[in-house]
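*Asks:* So that we are looking at the same thing, I have put the structure below in structure tokens.
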Amino acid sequence: MLHSYQLTCRPGRYPSPGTVPRSSQQTGSTRNWLPGGRSCYRRSTNSTVLHAAFYSVLVKPGLRIIAFNSLFGYTPNVWLVQDSQDPAGVLAWLEEELWKAEGAGELVHLLGHVPPGILAAERTWSREYNRIVVRYENVIRGQFFGHTHFDEFEVFHDGERPVGVAYVAPSQTPWYDLNPAYRVYHVDGDRPGTTRLVLDHETYVLNLTEAQASSEAHWERLYSARDAYGMAALTPADWQDLAERMAADRSLFDVYYKHFVSAGDPYMALGCDDQCYQQRLCDVVSSDRNDLDHCLKLLTRMQKGRQDVRRIRVLIAVLVSSVDAAVLLD
């Protein structure tokens, strides 16, 4: 159990995210939800937490957790109308924290909410976040997101080389047609030369169909990543290999899709047609909203001998957006 925290709590050095109506402010609760938050609040009324809900914590020597506010990279966020170029300086702050961690010999786990590769990710933010991940691949040992409610992952690339993976955990809320789920990560622990990498993860679900029938709720282990997908390890290269194996083996993808929907019976009954199949494959190899090359290559290999490349480009354009269509077919 972790007991000692060193909270980054600096006065405002970054641009203001905008004026928030007083009725929407939650300053009172801010003092209590983060370890060290009360003392941080007393020392400064303009800490990074109060400024725009991001912070950096050294949880033990050599291991730092950085939580950044990825809602500033979420297109439906209406505040982006006011400023869409790194609002509140979140990415600038994140890069600085990683630079300092690198200099101190620390390894880092990143916590965010909105994954950078989803359709609703703001394009500039997605691109710049990916550049940060590539630059600090030697420091970043885990990226953890939520938001989508689905169980998925995104592989980051430097050219053709996989350099990172974002774990997108399933939600405890069943919205919508899902089973409530939670995940346990197994991380390389305290030992000389520890990597702090995720070694495996296990996901548990509460089957709502069974709970409704029996009037009893039971959590059950759905799967372990290494066991379910036959993975020797959970490195970025291993996740890229899984994506390629799923493109070649529909039955392996079907296992992934069951986990993707937390074994929700409505989704399982509906199934995943060819377009759904191809979209899910694109999702796991696309961490940058501006770069569909890995999606194209994966689907090209999958469809080789059945469709020409131009038809695949059209398919990807339809899957992603009309804006991407103009780029892909240019």
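Labels used: A, B, ... for chains in the order of the structure tokens, numbers from 1 for residues in each chain, and numbers from 1 for ligands as shown.
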Would you list the contacts of His113 (chain A) as a ChimeraX atom specification, taking every protein, DNA or RNA residue within 7 Å and counting only C-alpha atoms, but skipping same-chain residues closer than 4 positions in sequence?

*Replies:* /A:70-71,145-147

*Asks:* Those selected residues, please, written with N, CA, C and O atoms and delivered as a compact mmCIF listing (two decimals), in the first residue's frame.

*Replies:*
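Generated file (result-v6.txt):
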```txt
# COMPACT_ATOMS: atom_id res chain seq x y z
N SER A 70 -7.52 15.17 -20.04
CA SER A 70 -7.67 14.95 -21.49
C SER A 70 -9.00 15.45 -22.02
O SER A 70 -9.23 15.39 -23.24
N LEU A 71 -9.86 15.95 -21.15
CA LEU A 71 -11.10 16.56 -21.65
C LEU A 71 -10.82 17.83 -22.45
O LEU A 71 -11.67 18.29 -23.22
N PHE A 145 -6.80 4.90 -19.57
CA PHE A 145 -7.90 5.77 -19.93
C PHE A 145 -9.24 5.08 -19.67
O PHE A 145 -9.29 3.91 -19.28
N GLY A 146 -10.31 5.81 -19.88
CA GLY A 146 -11.67 5.29 -19.76
C GLY A 146 -12.54 5.88 -20.85
O GLY A 146 -12.25 5.78 -22.02
N HIS A 147 -13.63 6.49 -20.45
CA HIS A 147 -14.52 7.30 -21.29
C HIS A 147 -15.43 6.50 -22.21
O HIS A 147 -16.64 6.72 -22.24
```

*Asks:* Would you list the contacts of Ala53 (chain A) as a PyMOL selection string, taking every protein, DNA or RNA residue within 8 Å and counting only C-alpha atoms, but skipping same-chain residues closer than 4 positions in sequence?

*Replies:* chain A and resi 48-49+68-69

*Asks:* As a PyMOL selection string, please: the residues near Glu128 (chain A) (cut-off 10 Å, only C-alpha atoms, same-chain neighbours under 3 positions excluded).

*Replies:* chain A and resi 86+91-92+116+123-125+131-134+288

*Asks:* Write out, as an mmCIF file, in the first residue's frame, the residues just selected, with N, CA and C atoms.

*Replies:*
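Below is the file result.cif, written as the result:
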```
data_model
loop_
_atom_site.group_PDB
_atom_site.id
_atom_site.type_symbol
_atom_site.label_atom_id
_atom_site.label_comp_id
_atom_site.auth_asym_id
_atom_site.auth_seq_id
_atom_site.Cartn_x
_atom_site.Cartn_y
_atom_site.Cartn_z
ATOM 1 N N ASP A 86 -4.153 23.681 -27.118
ATOM 2 C CA ASP A 86 -3.670 23.285 -25.796
ATOM 3 C C ASP A 86 -4.248 24.162 -24.701
ATOM 4 N N LEU A 91 -0.829 20.026 -22.168
ATOM 5 C CA LEU A 91 0.206 19.252 -22.850
ATOM 6 C C LEU A 91 1.596 19.825 -22.598
ATOM 7 N N ALA A 92 1.699 21.155 -22.524
ATOM 8 C CA ALA A 92 2.990 21.774 -22.202
ATOM 9 C C ALA A 92 3.441 21.347 -20.811
ATOM 10 N N PRO A 116 -6.709 9.222 -26.831
ATOM 11 C CA PRO A 116 -6.335 10.150 -27.908
ATOM 12 C C PRO A 116 -6.732 9.709 -29.306
ATOM 13 N N ARG A 123 -8.183 16.886 -33.133
ATOM 14 C CA ARG A 123 -7.090 16.413 -33.978
ATOM 15 C C ARG A 123 -5.716 16.944 -33.557
ATOM 16 N N THR A 124 -5.621 18.243 -33.307
ATOM 17 C CA THR A 124 -4.325 18.804 -32.929
ATOM 18 C C THR A 124 -3.859 18.225 -31.603
ATOM 19 N N TRP A 125 -4.767 18.138 -30.647
ATOM 20 C CA TRP A 125 -4.429 17.573 -29.335
ATOM 21 C C TRP A 125 -3.965 16.120 -29.487
ATOM 22 N N ARG A 131 2.986 12.724 -30.172
ATOM 23 C CA ARG A 131 4.393 13.120 -30.257
ATOM 24 C C ARG A 131 5.072 13.048 -28.895
ATOM 25 N N ILE A 132 4.355 13.417 -27.856
ATOM 26 C CA ILE A 132 4.910 13.334 -26.502
ATOM 27 C C ILE A 132 5.182 11.879 -26.118
ATOM 28 N N VAL A 133 4.245 10.994 -26.441
ATOM 29 C CA VAL A 133 4.416 9.574 -26.116
ATOM 30 C C VAL A 133 5.630 8.997 -26.837
ATOM 31 N N VAL A 134 5.808 9.345 -28.109
ATOM 32 C CA VAL A 134 6.961 8.851 -28.866
ATOM 33 C C VAL A 134 8.258 9.383 -28.266
ATOM 34 N N ASP A 288 -3.560 8.122 -33.181
ATOM 35 C CA ASP A 288 -3.491 9.504 -33.664
ATOM 36 C C ASP A 288 -4.618 9.720 -34.661
#
```

*Asks:* So which one's closest to Tyr267 (chain A), A:Gly142, A:Pro174, A:Gly103, A:Gly117? Using only C-alpha atoms, please.

*Replies:*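 Using only C-alpha atoms, the shortest distance to Tyr267 (chain A) belongs to A:Pro174.
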